[in-house]
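> My questions all concern the structure below.
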Number of protein chains: 2
Amino acid sequence: MRRRSLSALVVAGLVVSAFGQKSEVPKGLDKFNQKFTAAVLHMDNAEVMSLWAEDGVMLLPGMAPISGKANIAKWLDGVTSRMPGYRVIRQEDLFHAIAVSGDWASEWATTLQVTQPPGGKPAIESHGKMLLVLHREKDGTWRIRAEMWNGSPAS
Amino acid sequence: MRRRSLSALVVAGLVVSAFGQKSEVPKGLDKFNQKFTAAVLHMDNAEVMSLWAEDGVMLLPGMAPISGKANIAKWLDGVTSRMPGYRVIRQEDLFHAIAVSGDWASEWATTLQVTQPPGGKPAIESHGKMLLVLHREKDGTWRIRAEMWNGSPAS
């Protein structure tokens with residue numbers, strides 16, 4: 001329940017720093033964060049990719065770095081196509097330590113994803129952490145330059 | 001061999017971007033990167049911790065986030081004390097996509113660490129990736145605000 005109440009704060013445009021202070025999420029980043037979580041929840045790969053910069057890099061466990069938006073999109077479509085019938089039924093990203101300097105920003109998050117396999121199999125819970133480096137592009141939109149993820153204990 | 005030649009570039013103060021362009025490493029960050037790699041190679045925990053900001057966060061696989069310099073130092077000393085006789089005999093961090101905006105910076109790296117256990121056991125190779133968020137503190141020194149790591153294939 002604690003996790004849920006903290007997530008609600010983020011939805012309301014607040015962020016909890018490493019030491020628990022609450023502060024406003026900078027405008028634009030709040031929108032980015034909400035779009036990010038919603039796009040993953042809805043498995044909307046086109047929407048996810050709209051959040052990436054052309055020269056972004058994806059850094060995932062057990063894999064070589066994936067550099068460039070086109071390569072990341074190809075990898076993401078591959079993941080989806082290998083999991084027919086799977087649905088993300090819950091996605092919670094609790095963002096921390098949002099820092100903005102000019103057109104660059106960074107933030108990290110604790111992540112919880114619950115996936116429902118087809119055929120009535122038990123849902124899969126995945127707990128983790130994410131670190132993002134963002135850049136405000138020429139159109140004023142924040143996009144991902146670097147995303148890294150790793151797993152966390154379930155507790 | 002290719003990895004080695006790229007690492008030599010970094011030592012010479014150059015960095016290879018995601019798309020292979022070479023550019024100068026911003027002054028101060030070059031020094032940070034060299035100190036970082038040397039401190040890990042020498043297992044010099046005090047030197048490693050001198051590179052951390054007070055409110056930094058360490059994001060490691062399979063673990064909850066470790067927030068705050070004191071907690072990170074405690075964790076690091078615990079790692080060392082649980083591995084008596086182990087030595088890091090090779091540490092290579094190849095930094096990419098260094099971005100500086102005001103007093104904030106970010107960079108990611110491919111990492112290779114070779115550790116020698118005691119008693120003539122075979123050396124352990126650990127390949128991975130790292131994402132760093134850095135902040136230039138009041139004394140003008142770049143320090144770590146966020147560090148995340150995950151594993152990569154050996155190839």
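Residue numbers start at 1 in each chain; chains themselves are named A, B, ... in the order of the structure tokens; ligands are numbered from 1 in the order shown.
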Once you count only C-alpha atoms, which residues of chain B turn out to be within 7 Å of chain A? Could you give them as a list of chain:residue names?
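The contacting residues on chain B are B:Ala18, B:Pro61, B:Gly62, B:Met63, B:Ala64, B:Ser67, B:Ser101, B:Gly102, B:Trp104, B:Asn150, B:Gly151, B:Ser152, B:Pro153.
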> Among chain A, which ones does DSSP assign to alpha helix (DSSP H) (computed from the backbone)? Answer as a PDB file with N, CA and C atoms, in the first residue's frame.

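See states-v5.pdb below for the written result:
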ATOM      1  N   ARG A   2       2.033   1.174   0.700  1.00  0.00           N
ATOM      2  CA  ARG A   2       2.916   2.344   0.742  1.00  0.00           C
ATOM      3  C   ARG A   2       3.367   2.713  -0.671  1.00  0.00           C
ATOM      4  N   ARG A   3       3.742   1.653  -1.430  1.00  0.00           N
ATOM      5  CA  ARG A   3       4.178   1.899  -2.803  1.00  0.00           C
ATOM      6  C   ARG A   3       3.072   2.621  -3.588  1.00  0.00           C
ATOM      7  N   ARG A   4       1.836   2.138  -3.385  1.00  0.00           N
ATOM      8  CA  ARG A   4       0.744   2.726  -4.165  1.00  0.00           C
ATOM      9  C   ARG A   4       0.559   4.192  -3.797  1.00  0.00           C
ATOM     10  N   SER A   5       0.652   4.509  -2.508  1.00  0.00           N
ATOM     11  CA  SER A   5       0.418   5.899  -2.120  1.00  0.00           C
ATOM     12  C   SER A   5       1.535   6.800  -2.652  1.00  0.00           C
ATOM     13  N   LEU A   6       2.773   6.279  -2.691  1.00  0.00           N
ATOM     14  CA  LEU A   6       3.865   7.077  -3.256  1.00  0.00           C
ATOM     15  C   LEU A   6       3.648   7.291  -4.740  1.00  0.00           C
ATOM     16  N   SER A   7       3.206   6.233  -5.429  1.00  0.00           N
ATOM     17  CA  SER A   7       2.953   6.375  -6.859  1.00  0.00           C
ATOM     18  C   SER A   7       1.888   7.426  -7.111  1.00  0.00           C
ATOM     19  N   ALA A   8       0.902   7.471  -6.253  1.00  0.00           N
ATOM     20  CA  ALA A   8      -0.156   8.462  -6.414  1.00  0.00           C
ATOM     21  C   ALA A   8       0.417   9.869  -6.346  1.00  0.00           C
ATOM     22  N   LEU A   9       1.415  10.054  -5.485  1.00  0.00           N
ATOM     23  CA  LEU A   9       2.053  11.366  -5.404  1.00  0.00           C
ATOM     24  C   LEU A   9       2.687  11.742  -6.728  1.00  0.00           C
ATOM     25  N   VAL A  10       3.332  10.756  -7.361  1.00  0.00           N
ATOM     26  CA  VAL A  10       3.995  11.045  -8.628  1.00  0.00           C
ATOM     27  C   VAL A  10       2.960  11.438  -9.679  1.00  0.00           C
ATOM     28  N   VAL A  11       1.860  10.710  -9.693  1.00  0.00           N
ATOM     29  CA  VAL A  11       0.801  11.031 -10.648  1.00  0.00           C
ATOM     30  C   VAL A  11       0.306  12.461 -10.431  1.00  0.00           C
ATOM     31  N   LEU A  29       8.773  17.182 -17.656  1.00  0.00           N
ATOM     32  CA  LEU A  29       9.244  15.885 -17.175  1.00  0.00           C
ATOM     33  C   LEU A  29       8.109  15.096 -16.548  1.00  0.00           C
ATOM     34  N   ASP A  30       7.216  15.814 -15.873  1.00  0.00           N
ATOM     35  CA  ASP A  30       6.021  15.189 -15.316  1.00  0.00           C
ATOM     36  C   ASP A  30       5.239  14.500 -16.441  1.00  0.00           C
ATOM     37  N   LYS A  31       5.076  15.222 -17.536  1.00  0.00           N
ATOM     38  CA  LYS A  31       4.359  14.686 -18.696  1.00  0.00           C
ATOM     39  C   LYS A  31       5.129  13.502 -19.285  1.00  0.00           C
ATOM     40  N   PHE A  32       6.447  13.655 -19.393  1.00  0.00           N
ATOM     41  CA  PHE A  32       7.267  12.552 -19.914  1.00  0.00           C
ATOM     42  C   PHE A  32       7.051  11.303 -19.059  1.00  0.00           C
ATOM     43  N   ASN A  33       7.138  11.463 -17.743  1.00  0.00           N
ATOM     44  CA  ASN A  33       7.048  10.300 -16.853  1.00  0.00           C
ATOM     45  C   ASN A  33       5.699   9.596 -16.984  1.00  0.00           C
ATOM     46  N   GLN A  34       4.646  10.392 -17.067  1.00  0.00           N
ATOM     47  CA  GLN A  34       3.315   9.783 -17.196  1.00  0.00           C
ATOM     48  C   GLN A  34       3.160   9.057 -18.528  1.00  0.00           C
ATOM     49  N   LYS A  35       3.674   9.668 -19.593  1.00  0.00           N
ATOM     50  CA  LYS A  35       3.597   9.022 -20.915  1.00  0.00           C
ATOM     51  C   LYS A  35       4.412   7.731 -20.935  1.00  0.00           C
ATOM     52  N   PHE A  36       5.582   7.773 -20.291  1.00  0.00           N
ATOM     53  CA  PHE A  36       6.458   6.603 -20.257  1.00  0.00           C
ATOM     54  C   PHE A  36       5.725   5.416 -19.623  1.00  0.00           C
ATOM     55  N   THR A  37       5.189   5.647 -18.431  1.00  0.00           N
ATOM     56  CA  THR A  37       4.527   4.559 -17.709  1.00  0.00           C
ATOM     57  C   THR A  37       3.299   4.053 -18.470  1.00  0.00           C
ATOM     58  N   ALA A  38       2.517   4.981 -19.020  1.00  0.00           N
ATOM     59  CA  ALA A  38       1.305   4.589 -19.750  1.00  0.00           C
ATOM     60  C   ALA A  38       1.650   3.806 -21.008  1.00  0.00           C
ATOM     61  N   ALA A  39       2.701   4.228 -21.729  1.00  0.00           N
ATOM     62  CA  ALA A  39       3.079   3.555 -22.975  1.00  0.00           C
ATOM     63  C   ALA A  39       3.529   2.116 -22.709  1.00  0.00           C
ATOM     64  N   VAL A  40       4.272   1.919 -21.611  1.00  0.00           N
ATOM     65  CA  VAL A  40       4.725   0.567 -21.256  1.00  0.00           C
ATOM     66  C   VAL A  40       3.531  -0.281 -20.832  1.00  0.00           C
ATOM     67  N   LEU A  41       2.650   0.308 -20.018  1.00  0.00           N
ATOM     68  CA  LEU A  41       1.457  -0.411 -19.562  1.00  0.00           C
ATOM     69  C   LEU A  41       0.621  -0.885 -20.751  1.00  0.00           C
ATOM     70  N   ASN A  45       4.246   0.203 -28.532  1.00  0.00           N
ATOM     71  CA  ASN A  45       5.647   0.355 -28.919  1.00  0.00           C
ATOM     72  C   ASN A  45       5.911   1.666 -29.667  1.00  0.00           C
ATOM     73  N   ALA A  46       4.958   2.083 -30.495  1.00  0.00           N
ATOM     74  CA  ALA A  46       5.145   3.343 -31.235  1.00  0.00           C
ATOM     75  C   ALA A  46       5.214   4.516 -30.251  1.00  0.00           C
ATOM     76  N   GLU A  47       4.346   4.473 -29.239  1.00  0.00           N
ATOM     77  CA  GLU A  47       4.345   5.540 -28.231  1.00  0.00           C
ATOM     78  C   GLU A  47       5.638   5.499 -27.410  1.00  0.00           C
ATOM     79  N   VAL A  48       6.071   4.297 -27.040  1.00  0.00           N
ATOM     80  CA  VAL A  48       7.349   4.175 -26.316  1.00  0.00           C
ATOM     81  C   VAL A  48       8.467   4.794 -27.147  1.00  0.00           C
ATOM     82  N   MET A  49       8.517   4.449 -28.427  1.00  0.00           N
ATOM     83  CA  MET A  49       9.620   4.924 -29.265  1.00  0.00           C
ATOM     84  C   MET A  49       9.548   6.431 -29.508  1.00  0.00           C
ATOM     85  N   SER A  50       8.346   7.020 -29.403  1.00  0.00           N
ATOM     86  CA  SER A  50       8.232   8.480 -29.556  1.00  0.00           C
ATOM     87  C   SER A  50       8.941   9.202 -28.413  1.00  0.00           C
ATOM     88  N   LYS A  69      17.873   4.857 -32.105  1.00  0.00           N
ATOM     89  CA  LYS A  69      16.431   4.657 -31.999  1.00  0.00           C
ATOM     90  C   LYS A  69      15.942   3.506 -32.882  1.00  0.00           C
ATOM     91  N   ALA A  70      16.468   3.406 -34.107  1.00  0.00           N
ATOM     92  CA  ALA A  70      16.002   2.361 -35.037  1.00  0.00           C
ATOM     93  C   ALA A  70      16.308   0.972 -34.471  1.00  0.00           C
ATOM     94  N   ASN A  71      17.492   0.808 -33.893  1.00  0.00           N
ATOM     95  CA  ASN A  71      17.862  -0.496 -33.330  1.00  0.00           C
ATOM     96  C   ASN A  71      17.043  -0.831 -32.084  1.00  0.00           C
ATOM     97  N   ILE A  72      16.752   0.196 -31.293  1.00  0.00           N
ATOM     98  CA  ILE A  72      15.952  -0.023 -30.080  1.00  0.00           C
ATOM     99  C   ILE A  72      14.527  -0.429 -30.478  1.00  0.00           C
ATOM    100  N   ALA A  73      13.979   0.258 -31.494  1.00  0.00           N
ATOM    101  CA  ALA A  73      12.626  -0.063 -31.975  1.00  0.00           C
ATOM    102  C   ALA A  73      12.557  -1.506 -32.483  1.00  0.00           C
ATOM    103  N   LYS A  74      13.591  -1.904 -33.205  1.00  0.00           N
ATOM    104  CA  LYS A  74      13.648  -3.271 -33.751  1.00  0.00           C
ATOM    105  C   LYS A  74      13.683  -4.294 -32.608  1.00  0.00           C
ATOM    106  N   TRP A  75      14.503  -4.003 -31.597  1.00  0.00           N
ATOM    107  CA  TRP A  75      14.594  -4.903 -30.443  1.00  0.00           C
ATOM    108  C   TRP A  75      13.247  -4.985 -29.726  1.00  0.00           C
ATOM    109  N   LEU A  76      12.596  -3.825 -29.534  1.00  0.00           N
ATOM    110  CA  LEU A  76      11.322  -3.779 -28.799  1.00  0.00           C
ATOM    111  C   LEU A  76      10.237  -4.552 -29.547  1.00  0.00           C
ATOM    112  N   ASP A  77      10.178  -4.370 -30.855  1.00  0.00           N
ATOM    113  CA  ASP A  77       9.194  -5.117 -31.647  1.00  0.00           C
ATOM    114  C   ASP A  77       9.470  -6.623 -31.566  1.00  0.00           C
ATOM    115  N   GLY A  78      10.753  -6.988 -31.512  1.00  0.00           N
ATOM    116  CA  GLY A  78      11.124  -8.395 -31.375  1.00  0.00           C
ATOM    117  C   GLY A  78      10.618  -8.990 -30.060  1.00  0.00           C
ATOM    118  N   VAL A  79      10.757  -8.227 -28.979  1.00  0.00           N
ATOM    119  CA  VAL A  79      10.281  -8.687 -27.664  1.00  0.00           C
ATOM    120  C   VAL A  79       8.786  -8.954 -27.732  1.00  0.00           C
ATOM    121  N   THR A  80       8.047  -7.998 -28.280  1.00  0.00           N
ATOM    122  CA  THR A  80       6.589  -8.118 -28.351  1.00  0.00           C
ATOM    123  C   THR A  80       6.175  -9.322 -29.205  1.00  0.00           C
ATOM    124  N   SER A  81       6.873  -9.490 -30.323  1.00  0.00           N
ATOM    125  CA  SER A  81       6.467 -10.573 -31.236  1.00  0.00           C
ATOM    126  C   SER A  81       6.789 -11.952 -30.665  1.00  0.00           C
TER     127      SER A  81
END
> State, in Å with one decimal place, the distance from CA of Gln91 in chain A to CA of Glu125 in chain A.
10.0 Å
> Between B:Glu54, B:Arg82, B:Phe95, B:Thr115, which has the minimum distance to His42 in chain B (counting only C-alpha atoms)?
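Smallest distance to His42 in chain B is found for B:Thr115.
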> If you run DSSP over the backbone, which residues in chain B end up strand (DSSP E)? Put them as a ChimeraX atom specification.
/B:14-16,22-24,52-59,66-67,87-101,104-116,124-136,142-151
> My list of candidates is A:Ile98, A:Asp139, A:Arg87, A:Asp44. Which is closest to Gly119 in chain A when distances are computed with only C-alpha atoms?
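Distance minimum relative to Gly119 in chain A lands on A:Arg87.
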> Could you tell me how far CA of Glu24 in chain B lies from CA of Arg136 in chain B, in Å and to one decimal?
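If I compute the distance from CA of Glu24 in chain B to CA of Arg136 in chain B, I get 18.3 Å.
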> To one decimal place, how far is CA of Val25 in chain A from CA of Arg143 in chain B in Å?
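Straight-line distance from CA of Val25 in chain A to CA of Arg143 in chain B works out to 23.3 Å.
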